[in-house]
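Worksheet: one structure, shown below.
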Amino acid sequence: MPVKVSVVIPVYNPGNYIEDCIASLRRQSLPPEEFEAIFVDDGSTDATPARLDALAAEVANMTVIHQEASGWSGKPRNVGMAASQGEFVMFVDNDDYLGDEALERMYDYAVANGADVVVGKMAGKGRGVPVELFRRNHPRATVDNAPLIDSLTPHKMFRRAFLDRIGLRFPEGRRRLEDHVFVTEAYLRADNVSVLSDYVCYYHLKRDDGTNAGFQRFDPVGYFQNLREALDVVEKYTEPGPTRDRLFRRWLRNEMVERMRGRRLLAAPEDYRKELFTEIRGVVLERFGPGVAAGLQPTQQVVATLIADGRLDDLVAFAEWEASIASRAEPDGVEWAGGVLRVGLSAELASRGTPMTFPAEGSAAPLTEPPASVEEALDWVGAQSVAGFQRATVDLLLRERASSAQYFQPVEFTRETVPGEDGRVRLVLRGTAALDPATAADGGPLGAGLWDVFVRVKLSGWTKESRLGPVPLKGRTAADAGVAGGRVVLPYWTTKEGTLALDVDTASKRLNLGRVTCGEVTITGDRVEVPVPFHVPGDTPLLLELTRGSGAAPAQVPGTLRPQGSAALLEADLPVADLTGGPWRVALNPAPDAPEPRFHPLPFALRVKAGRVQVVTVRPPRPTAGKRLVRRARRLAGRLVARLRARGR
């Protein structure tokens with residue numbers, strides 16, 4: 001059978017970090033005979049070569065090529081490409097991993113859309129990945145209709161015939177930004193590029209030991225010389241004008257302005273800061289016309305202008321001001337409605353924890369000359385912020401805690417100019433997000449696990465993310481659990497910070513089923529009815545599990561959750577004739593179709609006497625001796641701390 005995809009993995013001393021990569025390849029939904037994995041060992045000196053040899057001997061569709069160290073990833077990727085047999089080539093780094101269905105989905109998407117390049121959605125664990133690019137699927141993306149240029153890492157799927165036709169290979173040797181050169185040319189010469197955003201295909205990791213190649217300090221002279229090669233590609237395949245300026249703006253913004261801005265600039269040692277500034281300014285003066293910086297956001301324009309004007313000291317002062325700026329987002333109600341969790345919020349920018357204020361009157365006057373001082377630059381940014389407030393946006397994202405996969409949720413919002421002090425104003429965004437568990441993962445249901453809620457504010461060149469909160473209700477539920485989309489979703493405030501999170505299909509005690517009392521249980525013949533603290537959008541199927549001791553087989557009973565005010569009414573017909581020798585403990589599964597159904601105990605049992613069903617209270621289990629000792633130790637420690645504090649007053 002022809003090979004659909006060749007996965008090429010350059011390898012150099014990854015240690016155990018390669019295991020996640022290997023495991024993800026072995027989990028692929030694409031049949032093993034339809035893809036191959038080619039590990040190119042670039043002179044590793046750890047135990048990796050032996051590990052890969054053993055893997056290749058064990059797994060038929062995995063091979064390893066050993067070569068002398070080349071110094072960077074370009075040559076091993078080219079060697080893997082030359083050895084590949086697939087219709088498409090996918091590049092994966094040895095310390096990253098793929099989503100289980102990545103190869104199958106990306107290949108099918110490529111074939112369906114005639115794509116030469118497929119960009120799969122990425123999740124960043126400890127490192128940044130593009131966000132705007134993956135808001136939705138782009139079957140036919142170009143550098144003009146989608147922010148493709150935001151994603152220049154090589155972790156994409158390329159049609160092999162396309163690469164061969166244009167003779168595209170990675171620059172080799174110990175150098176930086178070889179992926180920028182390769183990917184930029186691929187974008188500009190492909191017949192079609194497709195962006196797949198409704199499934200996380202690639203997990204991009206920052207290693208715990210901090211040894212990812214991209215996180216090492218670089219030589220500014222060599223780095224920006226390599227960057228010029230990417231600019232050369234743009235100049236070769238575009239004409240002077242708006243498209244070229246927009247593409248150049250990506251390197252000015254990401255590789256230059258952002259290095260000379262905020263905490264990133266302040267964290268750099270002074271001598272290294274000067275080296276960076278000198279090389280960055282050289283590229284800016286040499287390669288970028290006025291149209292490149294003019295398209296930046298206001299704060300970025302100020303930084304670009306100060307770079308071109310040679311004013312490093314003012315850049316540092318501007319960075320000290322910017323470093324104090326963050327967003328803050330406050331919740332304004334969390335409630336279920338028709339199976340959708342509606343989350344109210346207000347968000348704005350803050351400086352040193354205090355809401356930022358701006359001049360009452362805005363101005364859209366362009367920055368035609370370098371500001372005479374940092375103070376003048378701040379005034380210009382403030383006026384621009386007010387004038388451009390109608391373009392400010394707020395987004396709500398759900399981010400899975402384990403994988404960092406994230407998904408935008410619909411938000412309806414308004415922009416409000418709120419009077420502040422001294423005649424100035426605050427710029428506040430107020431909105432309501434709609435979280436539907438059945439479709440919240442780009443049209444699919446949320447997976448089991450913990451999901452944190454983030455709010456993303458875009459205003460005047462700042463893109464700031466923050467958690468929603470905090471609130472003083474740490475560790476408390478924000479609303480009852482909802483049963484929707486085949487999932488049990490519990491909104492709660494995190495114990496440590498008091499910020500909003502969702503527990504999907506893993507909650508137990510927080511469901512508060514223990515507050516159900518025997519007096520609320522109604523038995524009519526063989527029918528049981530119990531109000532339970534769930535929100536359901538309509539009649540929802542459930543399962544009850546009845547168990548008793550002595551090794552008796554449990555009985556599973558179908559039932560229904562019906563909306564009843566702010567809660568739900570559990571209804572089920574009991575197999576009374578089978579409930580002999582009780583009492584029978586009762587457990588509830590409110591989402592029997594979930595991938596991993598879970599039963600939650602209810603605080604009562606059922607017993608049949610003389611053909612009638614009786615309700616029996618179930619006492620909660622007594623804590624073990626070990627738990628009692630821990631609780632006692634905590635109480636004693638708390639008393640000791642209180643005494644010490646009292647003495648210190």
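Starting from 1 in every chain, residues are counted up; chains themselves are A, B, ... following the order of the structure tokens, and ligands are numbered from 1 as listed.
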What's around range 529-535 of chain A at 7 Å? Count only C-alpha atoms, leave out sequence neighbours fewer than 3 positions away in its own chain, and write the answer as a ChimeraX atom specification. /A:336,480-483,513,516,520-523,566-572
Could you save the residues just selected, with N, CA, C and O atoms, as a PDB file, in the first residue's frame?
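Written output follows (selection_16.pdb):
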ATOM      1  N   TRP A 336     -26.238  28.618  34.091  1.00  0.00           N
ATOM      2  CA  TRP A 336     -26.660  27.771  32.985  1.00  0.00           C
ATOM      3  C   TRP A 336     -27.974  28.281  32.408  1.00  0.00           C
ATOM      4  O   TRP A 336     -28.837  28.761  33.136  1.00  0.00           O
ATOM      5  N   ASP A 480     -24.098  25.046  39.817  1.00  0.00           N
ATOM      6  CA  ASP A 480     -24.276  23.597  39.827  1.00  0.00           C
ATOM      7  C   ASP A 480     -23.693  22.996  38.556  1.00  0.00           C
ATOM      8  O   ASP A 480     -23.519  23.671  37.537  1.00  0.00           O
ATOM      9  N   ALA A 481     -23.411  21.712  38.597  1.00  0.00           N
ATOM     10  CA  ALA A 481     -22.932  21.020  37.401  1.00  0.00           C
ATOM     11  C   ALA A 481     -24.033  20.989  36.355  1.00  0.00           C
ATOM     12  O   ALA A 481     -25.219  20.911  36.670  1.00  0.00           O
ATOM     13  N   GLY A 482     -23.607  21.069  35.102  1.00  0.00           N
ATOM     14  CA  GLY A 482     -24.541  20.944  34.001  1.00  0.00           C
ATOM     15  C   GLY A 482     -24.317  19.634  33.272  1.00  0.00           C
ATOM     16  O   GLY A 482     -23.172  19.184  33.121  1.00  0.00           O
ATOM     17  N   VAL A 483     -25.385  18.993  32.837  1.00  0.00           N
ATOM     18  CA  VAL A 483     -25.289  17.784  32.029  1.00  0.00           C
ATOM     19  C   VAL A 483     -25.728  18.175  30.623  1.00  0.00           C
ATOM     20  O   VAL A 483     -26.916  18.418  30.381  1.00  0.00           O
ATOM     21  N   LEU A 513     -23.776  16.003  45.644  1.00  0.00           N
ATOM     22  CA  LEU A 513     -24.874  15.045  45.755  1.00  0.00           C
ATOM     23  C   LEU A 513     -25.133  14.652  47.204  1.00  0.00           C
ATOM     24  O   LEU A 513     -26.211  14.148  47.535  1.00  0.00           O
ATOM     25  N   VAL A 516     -28.348  15.851  49.119  1.00  0.00           N
ATOM     26  CA  VAL A 516     -29.671  15.238  48.938  1.00  0.00           C
ATOM     27  C   VAL A 516     -30.063  14.524  50.237  1.00  0.00           C
ATOM     28  O   VAL A 516     -29.254  13.814  50.837  1.00  0.00           O
ATOM     29  N   GLU A 520     -36.296  14.006  50.716  1.00  0.00           N
ATOM     30  CA  GLU A 520     -36.581  14.504  49.367  1.00  0.00           C
ATOM     31  C   GLU A 520     -36.848  13.372  48.379  1.00  0.00           C
ATOM     32  O   GLU A 520     -37.232  13.614  47.242  1.00  0.00           O
ATOM     33  N   VAL A 521     -36.607  12.134  48.811  1.00  0.00           N
ATOM     34  CA  VAL A 521     -36.797  10.986  47.929  1.00  0.00           C
ATOM     35  C   VAL A 521     -38.263  10.555  47.987  1.00  0.00           C
ATOM     36  O   VAL A 521     -38.817  10.310  49.064  1.00  0.00           O
ATOM     37  N   THR A 522     -38.879  10.480  46.823  1.00  0.00           N
ATOM     38  CA  THR A 522     -40.286  10.075  46.739  1.00  0.00           C
ATOM     39  C   THR A 522     -40.386   8.723  46.048  1.00  0.00           C
ATOM     40  O   THR A 522     -39.832   8.533  44.957  1.00  0.00           O
ATOM     41  N   ILE A 523     -41.084   7.784  46.697  1.00  0.00           N
ATOM     42  CA  ILE A 523     -41.314   6.462  46.115  1.00  0.00           C
ATOM     43  C   ILE A 523     -42.811   6.307  45.877  1.00  0.00           C
ATOM     44  O   ILE A 523     -43.618   6.429  46.807  1.00  0.00           O
ATOM     45  N   SER A 566     -34.326  25.316  39.137  1.00  0.00           N
ATOM     46  CA  SER A 566     -32.885  25.484  38.929  1.00  0.00           C
ATOM     47  C   SER A 566     -32.136  24.164  39.068  1.00  0.00           C
ATOM     48  O   SER A 566     -30.907  24.141  38.962  1.00  0.00           O
ATOM     49  N   ALA A 567     -32.858  23.066  39.314  1.00  0.00           N
ATOM     50  CA  ALA A 567     -32.215  21.767  39.493  1.00  0.00           C
ATOM     51  C   ALA A 567     -32.810  20.775  38.488  1.00  0.00           C
ATOM     52  O   ALA A 567     -33.310  21.157  37.431  1.00  0.00           O
ATOM     53  N   ALA A 568     -32.690  19.491  38.805  1.00  0.00           N
ATOM     54  CA  ALA A 568     -33.242  18.445  37.944  1.00  0.00           C
ATOM     55  C   ALA A 568     -33.936  17.409  38.814  1.00  0.00           C
ATOM     56  O   ALA A 568     -33.572  17.198  39.977  1.00  0.00           O
ATOM     57  N   LEU A 569     -34.927  16.764  38.239  1.00  0.00           N
ATOM     58  CA  LEU A 569     -35.639  15.710  38.941  1.00  0.00           C
ATOM     59  C   LEU A 569     -35.232  14.375  38.337  1.00  0.00           C
ATOM     60  O   LEU A 569     -35.418  14.126  37.140  1.00  0.00           O
ATOM     61  N   LEU A 570     -34.652  13.525  39.187  1.00  0.00           N
ATOM     62  CA  LEU A 570     -34.284  12.171  38.767  1.00  0.00           C
ATOM     63  C   LEU A 570     -35.525  11.294  38.834  1.00  0.00           C
ATOM     64  O   LEU A 570     -36.196  11.235  39.873  1.00  0.00           O
ATOM     65  N   GLU A 571     -35.823  10.593  37.738  1.00  0.00           N
ATOM     66  CA  GLU A 571     -36.958   9.686  37.704  1.00  0.00           C
ATOM     67  C   GLU A 571     -36.505   8.345  37.152  1.00  0.00           C
ATOM     68  O   GLU A 571     -35.779   8.285  36.152  1.00  0.00           O
ATOM     69  N   ALA A 572     -36.915   7.250  37.805  1.00  0.00           N
ATOM     70  CA  ALA A 572     -36.573   5.912  37.319  1.00  0.00           C
ATOM     71  C   ALA A 572     -37.577   4.905  37.849  1.00  0.00           C
ATOM     72  O   ALA A 572     -38.139   5.076  38.945  1.00  0.00           O
TER      73      ALA A 572
END
Could you pull the residues within 8 Å of range 392-403 of chain A, counting only C-alpha atoms, minus those fewer than 2 positions along the same chain, as a ChimeraX atom specification? /A:123,125,203,347,388-390,405-411,413,415,429,433,449-460
Calculated over only C-alpha atoms, which of the candidates A:Met81, A:Cys201, A:Ala501, A:Val117 has the smallest distance to Phe170 in chain A? A:Met81
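Using only C-alpha atoms, the smallest distance between any of A:Arg263, A:Arg228, A:His204, A:Lys121 and Cys21 in chain A comes from A:His204.
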Using only C-alpha atoms, which protein or nucleic acid residues come within 12 Å of Gly338 in chain A? Drop anything in the same chain fewer than 4 positions from it, and give the result as a ChimeraX atom specification. /A:342,434-437,482-485,535-539,563,566
Can you tell me, as number ranges by chain, what residues are no more than 10 Å from range 370-381 of chain A when counting only C-alpha atoms, ignoring any on the same chain fewer than 4 positions away? A: 297-309, 311, 313-318, 321-322, 358-359, 362-366, 385-387, 460-461
Among range 104-340 of chain A, which residues carry a DSSP assignment of alpha helix (DSSP H), reported as a ChimeraX atom specification? /A:104-113,160-166,178-189,220-237,242-251,262-267,270-287,290-294,298-308,312-322
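Closest approach to Val5 in chain A among A:Met157, A:Asp42, A:Gln67, A:Asp20: A:Met157, based on only C-alpha atoms.
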